[in-house]
There are 2 protein chains.
Amino acid sequence: MPALSARRLADLLGPMDDRGPAYREITDRLRLMIVDGRVADGSRLPSERDLAAALGVSRTTSARVYAELRAAGLTRSRQGSGNTVALPRFASSTSSLVPMSDDSDTIAMTYSAWPGPPGLARAFEVAAAGLPGLLSTTGYLPDGLPRLRCLLADRYTEEGLPTDPDQIIVTNGAMGAISLVARALARPGSRTLVEGVTYPHGADAFAAGVGRLSALPVSERPWDGLDDALAAGRHDAAYFVPDFHNPTGAVMADHERGHWARALSRRHVVPVVDESLRDVNLDGIAMPPVFATYDPRAILIGSSSKSYWGGLRVGWLRAPQSSIVPLLQARMMDDLGSSAFDQLVLCELLEDGGQTLAASRARSRAARDHLLEQLAIQLPQMRATCPTGGLNLWLTLPERVGTALVADGTDHGLLLTAGSRFFPGAPAAGERHLRLPFTQSHEVLTEAVRRLSLAWECVSSGTATAGTAPAIDMIA
Amino acid sequence: MPALSARRLADLLGPMDDRGPAYREITDRLRLMIVDGRVADGSRLPSERDLAAALGVSRTTSARVYAELRAAGLTRSRQGSGNTVALPRFASSTSSLVPMSDDSDTIAMTYSAWPGPPGLARAFEVAAAGLPGLLSTTGYLPDGLPRLRCLLADRYTEEGLPTDPDQIIVTNGAMGAISLVARALARPGSRTLVEGVTYPHGADAFAAGVGRLSALPVSERPWDGLDDALAAGRHDAAYFVPDFHNPTGAVMADHERGHWARALSRRHVVPVVDESLRDVNLDGIAMPPVFATYDPRAILIGSSSKSYWGGLRVGWLRAPQSSIVPLLQARMMDDLGSSAFDQLVLCELLEDGGQTLAASRARSRAARDHLLEQLAIQLPQMRATCPTGGLNLWLTLPERVGTALVADGTDHGLLLTAGSRFFPGAPAAGERHLRLPFTQSHEVLTEAVRRLSLAWECVSSGTATAGTAPAIDMIA
């Protein structure tokens with residue numbers, strides 16, 4: 001079992017906000033780090049005495065922190081060996097390990113993901129007609145179904161970016177594309193630049209293995225401060241989300257794209273551009289061109305999960321011809337290819353004249369408006385601007401209570417993702433934020449806001465308790 | 001562009017066999033290293049003078065090597081900057097990058113993979129009836145479809161290994177499980193033990209990122225020499241293929257399993273056990289129990305690709321409860337889950353009373369026997385024992401000509417995987433071997449052996465040429 005030193009733990013926890021009792025703040029942060037895996041299951045925690053010394057708190061406080069974690073079922077203690085992280089095991093259900101919106105009475109506001117839209121069942125049915133052709137092959141498609149690659153290449157070409165099907169690799173969702181690119185680019189000592197607020201699993205993929213991250217400072221726009229960050233050290237790649245940015249919903253403007261393209265190009269930093277929300281354009285706004293129009297070296301990433309359905313594990317990347325072979329070589333030690341039939345289904349969706357996408361957008365638009373309305377009615381203290389696309393609101397809280405809200409929310413049957421998860425370089429900045437997906441029915445959204453306001457009342461009145469969070473922190 | 005020093009290249013090439021002209025041997029080996037990515041696309045090769053000095057050959061020889069590589073379309077040379085690896089780009093077809101058995105007149109003997117067996121289309125049809133239930137969820141299944149996890153757990157339990165559904169994670173094929181485990185176990189400096197002859201993408205996954213490999217010595221059985229290897233240094237994991245071993249077809253005996261379990265357990269080495277071929281039991285032999293019966297710490301890996309169809313990207317792992325949460329946490333930065341519908345199809349296949357599996361086995365058995373017969377008729381010089389399971393023969397060549405055969409084969413429209421790819425620690429040992437999948441019709445197998453005998457004639461008479469190999473070396 002790995003032992004975690006008090007000094008290392010203090011570094012991980014960061015400076016406290018000194019809001020409310022210290023034991024509560026330390027407990028909440030430590031719980032989140034356990035749940036999202038930053039403190040590994042099985043780790044031996046420092047003694048109460050060492051923890052108190054490292055954090056500059058009393059023994060009473062550190063003892064209370066450990067008592068709370070034990071009570072929440074996240075650690076166990078044994079005579080002589082102190083406290084050890086021990087995530088709960090569950091009998092035979094997925095729901096407690098990984099929150100799924102369709103399980104039990106709990107409302108999971110952790111996934112930006114809808115059930116399948118109207119039109120999807122029809123696409124499966126039409127695709128089934130193409131099944132015999134598919135079954136007559138080995139089904140291994142390491143770079144993707146040729147028909148799908150052609151359709152995707154044509155889309156880019158029609159958008160003004162001439163693209164050959166050979167520049168497309170079909171992947172296991174956008175996340176499969178991000179992790180493939182991260183692995184292919186990773187060299188010992190290589191460093192990737194990410195936005196100060198960003199999609200956490202994307203940033204995590206670049207931090208895994210031998211890679212290192214640097215995050216832009218947290219600023220008004222996710223794309224401010226690039227020049228200083230680039231000047232501060234060599235970077236190999238930059239991962240960013242310019243289209244309906246996850247989680248803020250912002251869209252990178254034309255002049256920002258131009259500036260980024262020039263700056264990255266000058267310093268030979270490869271742009272890895274997550275465009276998986278580009279088609280979730282709820283208000284039909286005019287979008288600036290895709291990033292490779294500004295910088296032909298860019299690797300663009302797209303996905304069917306946000307536009308259509310998360311159960312289709314089909315994403316893709318579009319890269320310069322010269323990057324394709326190394327990416328495929330890296331893939332051979334990863335998964336050998338994506339689901340053949342899912343790719344056929346996506347072909348049908350791309351060729352249905354846009355009706356499924358339109359239905360999906362209409363549903364999201366109505367849900368967004370409903371959630372904004374409910375917040376205005378039930379929780380006017382919280383500010384959210386209306387995003388023109390994407391699948392979530394980005395809330396600004398009136399106080400630095402993000403972690404406490406998430407912890408208390410679980411007691412009210414509401415699973416939330418802590419804002420801190422979206423700030424790779426400065427988790428404390430997330431205390432003022434919460435991401436609220438609106439991919440639920442109006443009834444569920446109304447109820448979710450009701451539960452959130454209950455949690456808010458508890459937190460502001462100081463009667464909040466530490467709930468039991470799920471063991472896996474999945475964010476889609 | 002990275003430059004490759006002559007010294008490093010000489011190390012990579014290893015000692016020559018001095019069989020036939022030196023330029024041919026050097027060219028063949030260098031070509032393979034380029035095609036399988038060990039020498040990266042874009043690398044600048046050493047000068048003719050430096051190469052000659054490092055290899056102890058004449059300038060004429062090194063010049064000829066570079067001329068051959070240029071003629072084969074694998075490098076280009078420019079005034080002043082010497083020779084650079086430049087893999088061919090193709091217009092708009094997958095076939096030249098990644099050999100697919102169903103493309104063109106070329107016969108690809110690189111995949112152990114059949115078209116879909118009889119019964120698979122029916123499973124898709126039955127699964128479609130379950131689609132509405134699936135579409136009413138978000139479709140994200142980070143640990144897998146609960147029904148599938150129950151079915152898989154029940155199978156292990158029936159085999160004598162009590163298993164809870166929570167111990168199963170559904171992955172993107174066996175390869176997805178291997179790479180997930182490799183990433184989850186990887187620590188800076190961690191080391192994985194692999195067999196001296198093994199499935200190359202599996203070993204590669206453990207060598208990627210921060211991991212390091214050590215390979216057992218090449219011996220009579222893939223599992224000989226464990227004790228000495230373990231005594232030589234600390235290992236974190238051991239990856240091995242005990243059931244119809246890929247590529248040799250051998251089955252790890254009961255006493256070997258017991259010995260491995262005790263030895264690995266004593267030294268705290270985690271067994272990562274690739275059982276993806278276990279169900280491809282062509283002769284219905286009695287198999288020793290699955291490895292976790294011997295060592296409960298083992299992580300078992302299974303797959304639908306070999307038993308049913310490669311287009312279903314559904315594999316799984318079975319692990320001790322305590323490993324599940326860290327594995328799922330590692331997965332969150334990888335792909336978020338596997339195809340929902342493919343998982344439903346596999347449920348139907350597992351519940352069809354074994355008829356699809358039986359049909360698939362019968363087809364493989366007949367093909368195996370036909371290939372053995374054709375080899376006996378057309379190429380009696382080559383020895384192959386009859387494997388009791390799996391999807392390929394493992395040939396022993398009468399001379400050390402493996403690489404030359406592969407190179408010449410492409411000129412006869414026959415794609416082969418060089419034996420050297422299966423020997424991670426001693427590629428030269430592969431010169432005496434060739435893996436021949438029998439996942440083709442009888443007619444194609446007959447023709448493949450004819451082409452192989454043509455290549456053999458050219459190689460033995462010294463009239464072989466260097467063919468054009470595909471740029472991606474995928475082995476299934």
# chains A, B, ... in the order shown; residues from 1 in each chain; ligands from 1

$ interface_residues --of "chain A" --to "chain B" --cutoff "6 Å" --atoms "only C-alpha atoms" --output "mmCIF file with C-alpha atoms, in the first residue's frame"
data_model
loop_
_atom_site.group_PDB
_atom_site.id
_atom_site.type_symbol
_atom_site.label_atom_id
_atom_site.label_comp_id
_atom_site.auth_asym_id
_atom_site.auth_seq_id
_atom_site.Cartn_x
_atom_site.Cartn_y
_atom_site.Cartn_z
ATOM 1 C CA SER A 92 -23.891 -5.907 -7.999
ATOM 2 C CA ALA A 113 -25.650 13.437 -22.156
ATOM 3 C CA TRP A 114 -29.180 12.745 -23.317
ATOM 4 C CA PRO A 115 -30.990 9.483 -23.982
ATOM 5 C CA GLY A 116 -31.076 8.726 -27.718
ATOM 6 C CA LEU A 135 -20.194 -9.120 -41.769
ATOM 7 C CA SER A 136 -18.463 -10.313 -44.924
ATOM 8 C CA THR A 137 -15.291 -8.564 -43.719
ATOM 9 C CA THR A 138 -13.106 -9.192 -40.668
ATOM 10 C CA GLY A 139 -14.669 -6.097 -39.079
ATOM 11 C CA TYR A 140 -11.276 -4.709 -38.043
ATOM 12 C CA PRO A 165 -10.625 10.642 -46.363
ATOM 13 C CA ASP A 166 -7.090 9.464 -45.557
ATOM 14 C CA MET A 175 -12.133 10.896 -25.660
ATOM 15 C CA GLY A 176 -10.600 8.036 -27.667
ATOM 16 C CA SER A 179 -6.106 9.957 -25.558
ATOM 17 C CA HIS A 201 -10.622 14.111 -18.726
ATOM 18 C CA ASP A 204 -5.918 14.347 -17.649
ATOM 19 C CA ALA A 205 -5.136 12.388 -20.822
ATOM 20 C CA GLY A 209 2.113 8.691 -18.550
ATOM 21 C CA VAL A 210 5.185 10.739 -19.301
ATOM 22 C CA GLY A 310 -23.199 8.665 -26.014
ATOM 23 C CA GLY A 311 -23.887 4.958 -26.589
ATOM 24 C CA LEU A 312 -22.396 5.298 -30.083
ATOM 25 C CA ARG A 313 -18.719 5.182 -29.205
ATOM 26 C CA MET A 333 -1.153 -0.904 -28.944
ATOM 27 C CA ASP A 334 -4.437 0.558 -27.828
ATOM 28 C CA ASP A 335 -7.640 -0.878 -29.255
ATOM 29 C CA SER A 339 -17.215 -0.692 -33.385
ATOM 30 C CA ALA A 340 -18.004 -1.507 -37.020
#

$ residues_around --residues "segment 366-371 of chain A" --least-positions-apart "4" --cutoff "8 Å" --atoms "only C-alpha atoms" --output "PyMOL selection string"
chain A and resi 362+375+386+391-393+438-442+445-446+449

$ write_last_selection --atoms "N, CA and C atoms" --output "PDB file, in the first residue's frame"
ATOM      1  N   ALA A 362     -33.284  20.952 -30.778  1.00  0.00           N
ATOM      2  CA  ALA A 362     -34.521  21.566 -30.276  1.00  0.00           C
ATOM      3  C   ALA A 362     -34.769  21.127 -28.831  1.00  0.00           C
ATOM      4  N   LEU A 375     -33.751  28.257 -12.374  1.00  0.00           N
ATOM      5  CA  LEU A 375     -32.718  28.879 -11.534  1.00  0.00           C
ATOM      6  C   LEU A 375     -33.141  30.292 -11.154  1.00  0.00           C
ATOM      7  N   CYS A 386     -26.599  32.630 -20.605  1.00  0.00           N
ATOM      8  CA  CYS A 386     -27.234  31.667 -21.505  1.00  0.00           C
ATOM      9  C   CYS A 386     -26.238  31.265 -22.589  1.00  0.00           C
ATOM     10  N   LEU A 391     -24.136  21.674 -23.877  1.00  0.00           N
ATOM     11  CA  LEU A 391     -25.172  20.942 -23.147  1.00  0.00           C
ATOM     12  C   LEU A 391     -25.187  21.250 -21.659  1.00  0.00           C
ATOM     13  N   ASN A 392     -24.564  22.363 -21.254  1.00  0.00           N
ATOM     14  CA  ASN A 392     -24.623  22.681 -19.824  1.00  0.00           C
ATOM     15  C   ASN A 392     -24.577  24.173 -19.576  1.00  0.00           C
ATOM     16  N   LEU A 393     -25.036  24.561 -18.389  1.00  0.00           N
ATOM     17  CA  LEU A 393     -24.849  25.929 -17.895  1.00  0.00           C
ATOM     18  C   LEU A 393     -23.588  25.955 -17.044  1.00  0.00           C
ATOM     19  N   PHE A 438     -27.982  20.312 -18.812  1.00  0.00           N
ATOM     20  CA  PHE A 438     -29.443  20.394 -18.905  1.00  0.00           C
ATOM     21  C   PHE A 438     -30.027  19.256 -19.737  1.00  0.00           C
ATOM     22  N   THR A 439     -29.325  18.119 -19.731  1.00  0.00           N
ATOM     23  CA  THR A 439     -29.762  16.965 -20.525  1.00  0.00           C
ATOM     24  C   THR A 439     -30.707  16.070 -19.728  1.00  0.00           C
ATOM     25  N   GLN A 440     -31.826  16.655 -19.301  1.00  0.00           N
ATOM     26  CA  GLN A 440     -32.834  15.940 -18.520  1.00  0.00           C
ATOM     27  C   GLN A 440     -34.204  16.495 -18.908  1.00  0.00           C
ATOM     28  N   SER A 441     -35.240  15.779 -18.518  1.00  0.00           N
ATOM     29  CA  SER A 441     -36.599  16.268 -18.759  1.00  0.00           C
ATOM     30  C   SER A 441     -36.835  17.510 -17.906  1.00  0.00           C
ATOM     31  N   HIS A 442     -37.845  18.290 -18.307  1.00  0.00           N
ATOM     32  CA  HIS A 442     -38.167  19.510 -17.551  1.00  0.00           C
ATOM     33  C   HIS A 442     -38.469  19.180 -16.096  1.00  0.00           C
ATOM     34  N   LEU A 445     -35.310  18.503 -14.236  1.00  0.00           N
ATOM     35  CA  LEU A 445     -34.525  19.734 -14.049  1.00  0.00           C
ATOM     36  C   LEU A 445     -35.126  20.592 -12.929  1.00  0.00           C
ATOM     37  N   THR A 446     -36.457  20.688 -12.906  1.00  0.00           N
ATOM     38  CA  THR A 446     -37.124  21.451 -11.836  1.00  0.00           C
ATOM     39  C   THR A 446     -36.757  20.875 -10.464  1.00  0.00           C
ATOM     40  N   VAL A 449     -33.111  21.554  -9.445  1.00  0.00           N
ATOM     41  CA  VAL A 449     -32.901  22.903  -8.909  1.00  0.00           C
ATOM     42  C   VAL A 449     -33.450  22.980  -7.483  1.00  0.00           C
TER      43      VAL A 449
END

$ select_by_dssp --residues "segment 150-367 of chain A" --states "strand (DSSP E)" --output "ChimeraX atom specification"
/A:168-171,191-194,212-215,237-240,270-274,299-303,315-318

$ residues_around --residues "Leu152 of chain A" --least-positions-apart "3" --cutoff "10 Å" --atoms "only C-alpha atoms" --output "compact mmCIF listing (two decimals) with all heavy atoms, in the first residue's frame"
# COMPACT_ATOMS: atom_id res chain seq x y z
N PRO A 146 -14.44 3.00 -44.45
CA PRO A 146 -14.16 3.93 -45.54
C PRO A 146 -15.33 4.88 -45.85
O PRO A 146 -15.12 6.08 -46.04
CB PRO A 146 -13.85 3.01 -46.72
CG PRO A 146 -13.29 1.76 -46.08
CD PRO A 146 -14.05 1.62 -44.79
N ARG A 147 -16.56 4.37 -45.82
CA ARG A 147 -17.71 5.24 -46.12
C ARG A 147 -17.83 6.38 -45.10
O ARG A 147 -18.08 7.53 -45.47
CB ARG A 147 -19.00 4.41 -46.13
CG ARG A 147 -20.24 5.23 -46.42
CD ARG A 147 -21.49 4.34 -46.52
NE ARG A 147 -22.68 5.11 -46.23
CZ ARG A 147 -23.78 4.62 -45.65
NH1 ARG A 147 -23.83 3.35 -45.30
NH2 ARG A 147 -24.81 5.39 -45.43
N LEU A 148 -17.61 6.07 -43.84
CA LEU A 148 -17.70 7.10 -42.81
C LEU A 148 -16.58 8.12 -42.97
O LEU A 148 -16.80 9.33 -42.83
CB LEU A 148 -17.64 6.45 -41.42
CG LEU A 148 -17.69 7.42 -40.22
CD1 LEU A 148 -18.92 8.31 -40.27
CD2 LEU A 148 -17.65 6.66 -38.90
N ARG A 149 -15.39 7.64 -43.28
CA ARG A 149 -14.27 8.57 -43.45
C ARG A 149 -14.51 9.51 -44.62
O ARG A 149 -14.15 10.70 -44.58
CB ARG A 149 -12.97 7.80 -43.61
CG ARG A 149 -12.63 7.02 -42.31
CD ARG A 149 -11.58 5.96 -42.55
NE ARG A 149 -10.29 6.54 -42.81
CZ ARG A 149 -9.44 6.06 -43.70
NH1 ARG A 149 -9.74 4.99 -44.41
NH2 ARG A 149 -8.28 6.63 -43.87
N ARG A 155 -17.66 16.61 -45.21
CA ARG A 155 -18.17 17.68 -44.33
C ARG A 155 -17.14 18.77 -44.13
O ARG A 155 -17.44 19.96 -44.21
CB ARG A 155 -18.55 17.10 -42.97
CG ARG A 155 -19.97 16.59 -42.87
CD ARG A 155 -20.15 15.73 -41.64
NE ARG A 155 -19.50 16.33 -40.48
CZ ARG A 155 -20.16 16.82 -39.42
NH1 ARG A 155 -21.47 16.78 -39.39
NH2 ARG A 155 -19.51 17.32 -38.41
N TYR A 156 -15.89 18.37 -43.85
CA TYR A 156 -14.85 19.38 -43.67
C TYR A 156 -14.64 20.18 -44.97
O TYR A 156 -14.49 21.39 -44.96
CB TYR A 156 -13.53 18.73 -43.24
CG TYR A 156 -13.48 18.30 -41.80
CD1 TYR A 156 -13.42 16.95 -41.45
CD2 TYR A 156 -13.49 19.24 -40.77
CE1 TYR A 156 -13.37 16.55 -40.12
CE2 TYR A 156 -13.44 18.84 -39.44
CZ TYR A 156 -13.37 17.50 -39.11
OH TYR A 156 -13.33 17.10 -37.80
N THR A 157 -14.63 19.44 -46.09
CA THR A 157 -14.41 20.10 -47.36
C THR A 157 -15.51 21.12 -47.62
O THR A 157 -15.24 22.26 -48.04
CB THR A 157 -14.35 19.05 -48.49
OG1 THR A 157 -13.32 18.10 -48.17
CG2 THR A 157 -14.03 19.70 -49.83
N GLU A 158 -16.77 20.73 -47.35
CA GLU A 158 -17.89 21.67 -47.54
C GLU A 158 -17.79 22.87 -46.60
O GLU A 158 -18.25 23.96 -46.94
CB GLU A 158 -19.22 20.94 -47.29
CG GLU A 158 -19.65 20.08 -48.46
CD GLU A 158 -20.65 18.99 -48.05
OE1 GLU A 158 -21.33 19.20 -47.03
OE2 GLU A 158 -20.70 17.95 -48.74
N THR A 163 -10.37 18.26 -47.43
CA THR A 163 -9.94 17.13 -46.61
C THR A 163 -10.08 15.84 -47.40
O THR A 163 -11.09 15.60 -48.05
CB THR A 163 -10.78 17.05 -45.32
OG1 THR A 163 -10.61 18.26 -44.58
CG2 THR A 163 -10.38 15.87 -44.45
N ASP A 164 -9.05 15.03 -47.34
CA ASP A 164 -9.05 13.73 -47.98
C ASP A 164 -9.48 12.69 -46.94
O ASP A 164 -9.12 12.81 -45.76
CB ASP A 164 -7.63 13.44 -48.46
CG ASP A 164 -7.56 12.19 -49.30
OD1 ASP A 164 -7.48 11.09 -48.71
OD2 ASP A 164 -7.59 12.32 -50.54
N PRO A 165 -10.23 11.67 -47.35
CA PRO A 165 -10.63 10.64 -46.36
C PRO A 165 -9.44 10.04 -45.60
O PRO A 165 -9.59 9.63 -44.45
CB PRO A 165 -11.32 9.58 -47.22
CG PRO A 165 -11.82 10.32 -48.42
CD PRO A 165 -10.83 11.42 -48.67
N GLN A 167 -7.18 11.51 -44.26
CA GLN A 167 -6.80 12.36 -43.13
C GLN A 167 -7.68 12.13 -41.91
O GLN A 167 -7.53 12.81 -40.90
CB GLN A 167 -6.89 13.83 -43.54
CG GLN A 167 -5.86 14.22 -44.59
CD GLN A 167 -6.02 15.68 -44.98
OE1 GLN A 167 -6.61 15.99 -46.01
NE2 GLN A 167 -5.52 16.56 -44.14
N ILE A 168 -8.62 11.19 -42.03
CA ILE A 168 -9.56 10.91 -40.94
C ILE A 168 -9.22 9.57 -40.27
O ILE A 168 -9.01 8.58 -40.97
CB ILE A 168 -11.02 10.83 -41.48
CG1 ILE A 168 -11.39 12.07 -42.29
CG2 ILE A 168 -12.00 10.54 -40.34
CD1 ILE A 168 -11.70 13.29 -41.48
N ILE A 169 -9.19 9.55 -38.97
CA ILE A 169 -9.15 8.28 -38.23
C ILE A 169 -10.37 8.25 -37.32
O ILE A 169 -10.62 9.20 -36.56
CB ILE A 169 -7.88 8.15 -37.35
CG1 ILE A 169 -6.62 8.16 -38.22
CG2 ILE A 169 -7.93 6.86 -36.52
CD1 ILE A 169 -5.32 8.12 -37.40
N VAL A 170 -11.17 7.19 -37.42
CA VAL A 170 -12.33 7.03 -36.56
C VAL A 170 -11.87 6.45 -35.23
O VAL A 170 -11.07 5.52 -35.21
CB VAL A 170 -13.39 6.12 -37.22
CG1 VAL A 170 -14.59 5.95 -36.30
CG2 VAL A 170 -13.82 6.71 -38.57
N GLY A 302 -13.62 15.37 -33.37
CA GLY A 302 -15.07 15.46 -33.41
C GLY A 302 -15.70 14.22 -32.81
O GLY A 302 -15.01 13.24 -32.51
N TRP A 316 -13.84 10.97 -34.00
CA TRP A 316 -12.86 10.94 -35.08
C TRP A 316 -11.84 12.04 -34.86
O TRP A 316 -12.04 12.94 -34.05
CB TRP A 316 -13.52 11.11 -36.44
CG TRP A 316 -14.20 12.43 -36.64
CD1 TRP A 316 -13.65 13.59 -37.11
CD2 TRP A 316 -15.59 12.72 -36.35
NE1 TRP A 316 -14.61 14.59 -37.11
CE2 TRP A 316 -15.79 14.10 -36.67
CE3 TRP A 316 -16.66 11.98 -35.87
CZ2 TRP A 316 -17.03 14.71 -36.51
CZ3 TRP A 316 -17.90 12.60 -35.70
CH2 TRP A 316 -18.08 13.95 -36.03
N LEU A 317 -10.74 11.92 -35.58
CA LEU A 317 -9.81 13.03 -35.65
C LEU A 317 -9.49 13.28 -37.11
O LEU A 317 -9.56 12.38 -37.95
CB LEU A 317 -8.55 12.76 -34.83
CG LEU A 317 -7.66 11.58 -35.20
CD1 LEU A 317 -6.70 11.95 -36.33
CD2 LEU A 317 -6.85 11.16 -33.98
N ARG A 318 -9.18 14.56 -37.40
CA ARG A 318 -8.72 14.95 -38.73
C ARG A 318 -7.34 15.56 -38.54
O ARG A 318 -7.15 16.50 -37.75
CB ARG A 318 -9.66 16.00 -39.34
CG ARG A 318 -9.23 16.44 -40.75
CD ARG A 318 -9.42 17.93 -40.96
NE ARG A 318 -9.05 18.34 -42.31
CZ ARG A 318 -7.86 18.90 -42.61
NH1 ARG A 318 -6.94 19.11 -41.68
NH2 ARG A 318 -7.60 19.27 -43.85
N CYS A 347 -22.99 6.78 -40.14
CA CYS A 347 -23.15 7.12 -41.57
C CYS A 347 -24.60 7.49 -41.86
O CYS A 347 -24.88 8.49 -42.53
CB CYS A 347 -22.75 5.93 -42.46
SG CYS A 347 -20.99 5.61 -42.52
N LEU A 350 -25.50 10.89 -40.48
CA LEU A 350 -24.92 11.99 -41.24
C LEU A 350 -25.64 12.20 -42.56
O LEU A 350 -25.49 13.23 -43.20
CB LEU A 350 -23.42 11.74 -41.48
CG LEU A 350 -22.52 11.77 -40.24
CD1 LEU A 350 -21.10 11.36 -40.60
CD2 LEU A 350 -22.52 13.16 -39.61

$ select_by_dssp --residues "segment 108-258 of chain A" --states "helix (DSSP H, G or I)" --output "ChimeraX atom specification"
/A:120-129,131-135,146-158,165-167,173-185,200-207,226-231,254-258

$ atom_distance --atom1 "atom CA of Thr75 of chain A" --atom2 "atom CA of Ser265 of chain B"
26.3 Å

$ residues_around --residues "Ser453 of chain B" --least-positions-apart "3" --cutoff "10 Å" --atoms "only C-alpha atoms" --output "ChimeraX atom specification"
/B:375,378-381,405,409,412,447-450,456-459

$ residues_around --residues "Glu195 of chain A" --least-positions-apart "4" --cutoff "9 Å" --atoms "only C-alpha atoms" --output "VMD selection string"
chain A and resid 199 203 214 to 218 222 to 224 238 to 241 423 to 425

$ residues_around --residues "Val406 of chain A" --least-positions-apart "5" --cutoff "8 Å" --atoms "only C-alpha atoms" --output "PDB file with C-alpha atoms, in the first residue's frame"
ATOM      1  CA  LEU A 415     -24.908  14.325  -7.877  1.00  0.00           C
ATOM      2  CA  LEU A 416     -22.859  17.276  -9.072  1.00  0.00           C
ATOM      3  CA  THR A 417     -19.372  17.655 -10.453  1.00  0.00           C
ATOM      4  CA  ALA A 418     -17.289  19.985  -8.329  1.00  0.00           C
TER       5      ALA A 418
END

$ closest_residue --among "A:Ala53, A:Gly189, A:His255, A:Tyr66" --to "Arg7 of chain A" --atoms "only C-alpha atoms"
A:Ala53

$ closest_residue --among "A:Arg278, A:Arg363, A:Arg191, A:Arg221" --to "Thr248 of chain A" --atoms "only C-alpha atoms"
A:Arg221

$ atom_distance --atom1 "atom CA of Leu434 of chain A" --atom2 "atom CA of Gly413 of chain A"
16.5 Å

$ closest_residue --among "B:His433, B:Arg257, B:Arg24, B:Arg44" --to "Thr61 of chain B" --atoms "only C-alpha atoms"
B:Arg24

$ residues_around --residues "Ala292 of chain B" --least-positions-apart "3" --cutoff "9 Å" --atoms "only C-alpha atoms" --output "list in words"
Leu161, Ala261, Pro271, Val273, Pro289, Asp295, Pro296, Arg297, Ala298, Ile299, Leu300 and Ala319 of chain B
